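Quick notes on the structure that follows.
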Amino acid sequence: MSFDLDKINADLGRKPQDLVNWAVSLKKKAICTTNFRPFEAVILHLCTQADPNMPIIWMDSGYATPATYKFADEVTRQLKLNLVVYHPQRSRAHREALDGATPSIDDPRHAAFTKEVKLEPFERALRELKPEVWFTAIRAEDTAVRAAMQPVSLNNDGLVKVAPLLYWTSKELNDYCKQHGLPNNFDYFD
């Protein structure tokens, strides 16, 4: 793919719908990932406005709250999402029967847990779907690492990673949800 990354980020990096429209206009296989956390309806709405049939990928770890499952169902119906769900190889019940409860963040077993319930399903989705463009709802205010990112970047394998909401605040996301009549979910666990 040939485009000026710096120019795209400068021109469109703070215009989420324009950025999504630009990325879709590349006519490359695109996906949007979601975890149905707070304000996820915004990126799902932006993506489905640009391409109603875009695959929306959910790595359902089996650890979401009941409210998150209800929200996922509601927003899937409302936006008519082309939802594709990936699960870990083992169910939550199977994993907990053998390995015990979810390890805390400072537990040495946490990395293996994260790989099993989040990363492996994501890597499998990428292998199976082979996207060329990936939309993600990451935001600069999430972490210091994300604050240093650009809205559009290229992964080492050439995957175009697009974070149209990178610079948006929670207030802007909340306003967008209200403006477009989108549901939200604050009972979320990651």
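Identifiers for the structure tokens are assigned positionally: chains receive A, B, ... in sequence, residues are indexed from 1 per chain, and ligands are indexed from 1 in the order shown.
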Q: Identify all residues of range 8-121 of chain A in alpha helix (DSSP H) (DSSP on the backbone) and supply them as a ChimeraX atom specification.
A: /A:8-12,16-25,40-50,66-79,92-99,110-114,120-121
Q: Excluding Ser61 in chain A and any residue of its chain fewer than 2 positions from it, enumerate the residues within 12 Å of it, using only C-alpha atoms, and give them as a PyMOL selection string.
A: chain A and resi 34-36+58-59+63-65+68-69+85-93+95+102+113-122+189-190
Would you save the residues from that selection as a short mmCIF file (atom, residue, chain, number, x, y, z; two decimals), in the first residue's frame, using N, CA, C and O atoms?
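Full text of part.cif as output:
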```cif
data_model
loop_
_atom_site.label_atom_id
_atom_site.label_comp_id
_atom_site.auth_asym_id
_atom_site.auth_seq_id
_atom_site.Cartn_x
_atom_site.Cartn_y
_atom_site.Cartn_z
N THR A 34 -13.56 -5.51 18.66
CA THR A 34 -14.28 -4.91 19.77
C THR A 34 -14.20 -5.82 20.98
O THR A 34 -14.03 -7.03 20.84
N ASN A 35 -14.31 -5.20 22.14
CA ASN A 35 -14.46 -5.97 23.38
C ASN A 35 -15.71 -5.52 24.12
O ASN A 35 -15.95 -5.94 25.24
N PHE A 36 -16.49 -4.67 23.46
CA PHE A 36 -17.75 -4.17 24.01
C PHE A 36 -17.57 -3.47 25.35
O PHE A 36 -18.43 -3.52 26.20
N TRP A 58 -14.96 -10.10 17.76
CA TRP A 58 -15.00 -10.06 19.23
C TRP A 58 -14.28 -11.28 19.77
O TRP A 58 -14.67 -12.41 19.48
N MET A 59 -13.23 -11.05 20.54
CA MET A 59 -12.56 -12.12 21.26
C MET A 59 -13.27 -12.24 22.59
O MET A 59 -12.94 -11.56 23.55
N TYR A 63 -15.22 -14.11 30.15
CA TYR A 63 -15.14 -13.43 31.43
C TYR A 63 -15.87 -12.09 31.45
O TYR A 63 -15.74 -11.31 32.38
N ALA A 64 -16.66 -11.81 30.42
CA ALA A 64 -17.40 -10.55 30.38
C ALA A 64 -18.51 -10.56 31.43
O ALA A 64 -18.97 -11.63 31.87
N THR A 65 -18.93 -9.39 31.81
CA THR A 65 -20.04 -9.26 32.77
C THR A 65 -21.36 -9.56 32.04
O THR A 65 -21.44 -9.43 30.81
N THR A 68 -22.23 -6.74 29.86
CA THR A 68 -21.48 -6.66 28.61
C THR A 68 -22.09 -7.58 27.57
O THR A 68 -22.22 -7.20 26.39
N TYR A 69 -22.49 -8.79 27.96
CA TYR A 69 -23.14 -9.69 26.99
C TYR A 69 -24.45 -9.10 26.49
O TYR A 69 -24.77 -9.18 25.30
N VAL A 85 -17.35 -14.06 16.29
CA VAL A 85 -16.88 -14.24 17.67
C VAL A 85 -15.80 -15.31 17.71
O VAL A 85 -15.96 -16.40 17.15
N TYR A 86 -14.70 -14.99 18.39
CA TYR A 86 -13.62 -15.94 18.64
C TYR A 86 -13.55 -16.20 20.13
O TYR A 86 -13.59 -15.28 20.94
N HIS A 87 -13.46 -17.48 20.49
CA HIS A 87 -13.37 -17.91 21.87
C HIS A 87 -12.01 -18.56 22.12
O HIS A 87 -11.40 -19.09 21.19
N PRO A 88 -11.56 -18.58 23.37
CA PRO A 88 -10.35 -19.35 23.70
C PRO A 88 -10.58 -20.83 23.37
O PRO A 88 -11.73 -21.28 23.27
N GLN A 89 -9.51 -21.58 23.26
CA GLN A 89 -9.60 -23.01 22.96
C GLN A 89 -10.30 -23.77 24.08
O GLN A 89 -10.94 -24.77 23.84
N ARG A 90 -10.14 -23.30 25.33
CA ARG A 90 -10.81 -23.91 26.47
C ARG A 90 -11.89 -22.95 26.97
O ARG A 90 -11.69 -21.75 26.96
N SER A 91 -12.98 -23.51 27.44
CA SER A 91 -14.01 -22.67 28.05
C SER A 91 -13.50 -22.14 29.39
O SER A 91 -12.53 -22.66 29.97
N ARG A 92 -14.20 -21.15 29.90
CA ARG A 92 -13.86 -20.60 31.22
C ARG A 92 -13.94 -21.70 32.28
O ARG A 92 -13.04 -21.84 33.12
N ALA A 93 -15.01 -22.49 32.23
CA ALA A 93 -15.19 -23.56 33.23
C ALA A 93 -14.04 -24.57 33.16
O ALA A 93 -13.53 -25.00 34.20
N ARG A 95 -10.94 -24.05 31.98
CA ARG A 95 -9.71 -23.41 32.43
C ARG A 95 -9.70 -23.30 33.95
O ARG A 95 -8.71 -23.62 34.60
N THR A 102 -9.15 -16.66 38.04
CA THR A 102 -8.36 -15.72 37.25
C THR A 102 -7.19 -15.21 38.08
O THR A 102 -7.39 -14.68 39.18
N PHE A 113 -2.37 -16.60 31.19
CA PHE A 113 -3.83 -16.44 31.16
C PHE A 113 -4.23 -15.48 30.04
O PHE A 113 -5.12 -15.78 29.24
N THR A 114 -3.58 -14.32 29.98
CA THR A 114 -3.89 -13.33 28.95
C THR A 114 -3.66 -13.89 27.56
O THR A 114 -4.47 -13.70 26.66
N LYS A 115 -2.57 -14.62 27.39
CA LYS A 115 -2.30 -15.23 26.08
C LYS A 115 -3.42 -16.19 25.71
O LYS A 115 -3.90 -16.18 24.58
N GLU A 116 -3.85 -17.01 26.65
CA GLU A 116 -4.87 -18.02 26.35
C GLU A 116 -6.23 -17.40 26.04
O GLU A 116 -6.88 -17.81 25.08
N VAL A 117 -6.67 -16.44 26.84
CA VAL A 117 -8.05 -15.98 26.69
C VAL A 117 -8.20 -14.75 25.78
O VAL A 117 -9.31 -14.48 25.33
N LYS A 118 -7.11 -14.04 25.50
CA LYS A 118 -7.21 -12.85 24.67
C LYS A 118 -6.33 -12.91 23.43
O LYS A 118 -6.81 -12.69 22.31
N LEU A 119 -5.05 -13.15 23.63
CA LEU A 119 -4.11 -13.04 22.51
C LEU A 119 -4.23 -14.17 21.50
O LEU A 119 -4.22 -13.93 20.29
N GLU A 120 -4.35 -15.41 21.98
CA GLU A 120 -4.46 -16.53 21.03
C GLU A 120 -5.70 -16.40 20.16
O GLU A 120 -5.61 -16.55 18.94
N PRO A 121 -6.88 -16.09 20.71
CA PRO A 121 -8.04 -15.91 19.83
C PRO A 121 -7.85 -14.76 18.82
O PRO A 121 -8.25 -14.88 17.67
N PHE A 122 -7.19 -13.69 19.25
CA PHE A 122 -6.92 -12.57 18.35
C PHE A 122 -5.96 -13.00 17.23
O PHE A 122 -6.20 -12.72 16.05
N PHE A 189 -15.60 -5.56 32.58
CA PHE A 189 -14.42 -6.10 33.27
C PHE A 189 -13.44 -6.60 32.24
O PHE A 189 -13.79 -7.31 31.32
N ASP A 190 -12.18 -6.22 32.40
CA ASP A 190 -11.14 -6.69 31.49
C ASP A 190 -10.03 -7.31 32.33
O ASP A 190 -9.34 -6.66 33.04
#
```
Q) How would you write, as a list in words, the set of residues in range 63-145 of chain A that DSSP gives as strand (DSSP E)? A) Asn82, Leu83, Val84, Val85, Tyr86, Val133, Trp134 and Phe135 of chain A
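When only C-alpha atoms are used to measure the gap to Pro131 in chain A, the shortest distance among A:Tyr176, A:Glu74, A:Ile56, A:Leu182 belongs to A:Ile56.
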Q. Using only C-alpha atoms, which residues sit within 10 Å of Lys130 in chain A once same-chain residues fewer than 5 positions away are excluded, as a VMD selection string?
A. chain A and resid 29 to 31 124 to 125 159
Q.
Ranking A:Asp11, A:Asp107, A:Asp51, A:Asp4 by minimum distance to Ser25 in chain A and counting only C-alpha atoms, which one comes first?
A. A:Asp51
**Q.** Surrounding residues of Ala72 in chain A excluding itself and chain neighbours under 5 positions, 10 Å, only C-alpha atoms, as a PyMOL selection string
**A.** chain A and resi 34-37+40-41+58+66-67+77-78+81+83+183-185
(Q) Here is a test: counting only C-alpha atoms, which residue of A:Phe3, A:Tyr167, A:Trp134, A:Phe71 is nearest to Lys28 in chain A? (A) A:Trp134
Residues at most 12 Å from Asp6 in chain A, counting only C-alpha atoms, excluding those fewer than 4 positions away in the same chain, as a short mmCIF file (atom, residue, chain, number, x, y, z; two decimals) with C-alpha atoms, in the first residue's frame?
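What landed in out_29.cif:
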```cif
data_model
loop_
_atom_site.label_atom_id
_atom_site.label_comp_id
_atom_site.auth_asym_id
_atom_site.auth_seq_id
_atom_site.Cartn_x
_atom_site.Cartn_y
_atom_site.Cartn_z
CA ALA A 10 -1.98 15.14 10.10
CA ASP A 11 -5.00 15.62 7.82
CA LEU A 12 -7.40 12.98 9.15
CA GLY A 13 -6.07 11.90 12.56
CA GLN A 150 -0.46 7.72 15.79
CA PRO A 151 -4.03 7.18 14.51
CA VAL A 152 -2.72 5.26 11.48
CA SER A 153 0.29 3.00 11.63
CA LEU A 154 1.69 0.02 9.78
#
```
Shell of 9 Å around Lys80 in chain A, only C-alpha atoms, local chain residues under 3 positions omitted, as an mmCIF file with N, CA, C and O atoms, in the first residue's frame:
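Output saved as selection-v9.cif:
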```
data_model
loop_
_atom_site.group_PDB
_atom_site.id
_atom_site.type_symbol
_atom_site.label_atom_id
_atom_site.label_comp_id
_atom_site.auth_asym_id
_atom_site.auth_seq_id
_atom_site.Cartn_x
_atom_site.Cartn_y
_atom_site.Cartn_z
ATOM 1 N N THR A 48 -19.495 0.778 10.611
ATOM 2 C CA THR A 48 -20.651 0.294 9.853
ATOM 3 C C THR A 48 -21.254 1.392 8.981
ATOM 4 O O THR A 48 -21.925 1.086 7.996
ATOM 5 N N PRO A 52 -21.199 -1.354 5.939
ATOM 6 C CA PRO A 52 -22.148 -2.099 6.775
ATOM 7 C C PRO A 52 -21.834 -3.590 6.917
ATOM 8 O O PRO A 52 -22.281 -4.215 7.872
ATOM 9 N N ASN A 53 -21.054 -4.137 6.005
ATOM 10 C CA ASN A 53 -20.742 -5.574 6.052
ATOM 11 C C ASN A 53 -19.374 -5.884 6.640
ATOM 12 O O ASN A 53 -18.945 -7.042 6.646
ATOM 13 N N VAL A 75 -26.217 -3.833 20.805
ATOM 14 C CA VAL A 75 -25.552 -3.037 19.778
ATOM 15 C C VAL A 75 -25.412 -3.842 18.481
ATOM 16 O O VAL A 75 -25.487 -3.279 17.382
ATOM 17 N N THR A 76 -25.276 -5.161 18.579
ATOM 18 C CA THR A 76 -25.219 -6.005 17.377
ATOM 19 C C THR A 76 -26.538 -5.903 16.613
ATOM 20 O O THR A 76 -26.545 -5.763 15.383
ATOM 21 N N ARG A 77 -27.642 -5.966 17.346
ATOM 22 C CA ARG A 77 -28.962 -5.840 16.707
ATOM 23 C C ARG A 77 -29.172 -4.437 16.139
ATOM 24 O O ARG A 77 -29.594 -4.272 14.994
ATOM 25 N N LEU A 83 -21.066 -9.666 13.089
ATOM 26 C CA LEU A 83 -20.244 -10.060 14.235
ATOM 27 C C LEU A 83 -19.677 -11.461 14.057
ATOM 28 O O LEU A 83 -20.407 -12.407 13.753
#
```
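With only C-alpha atoms as the atoms that count, the residue of A:Ala147, A:Met54, A:Thr136, A:Leu165 with the shortest distance to Asp18 in chain A is A:Leu165.
For the pair CA of Pro108 in chain A and CA of Arg127 in chain A, the separation is 27.9 Å.
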Q: Take CA of Trp22 in chain A and CA of Leu166 in chain A and report the distance between them in Å, one decimal.
A: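 Distance reported for this atom pair: 15.9 Å.
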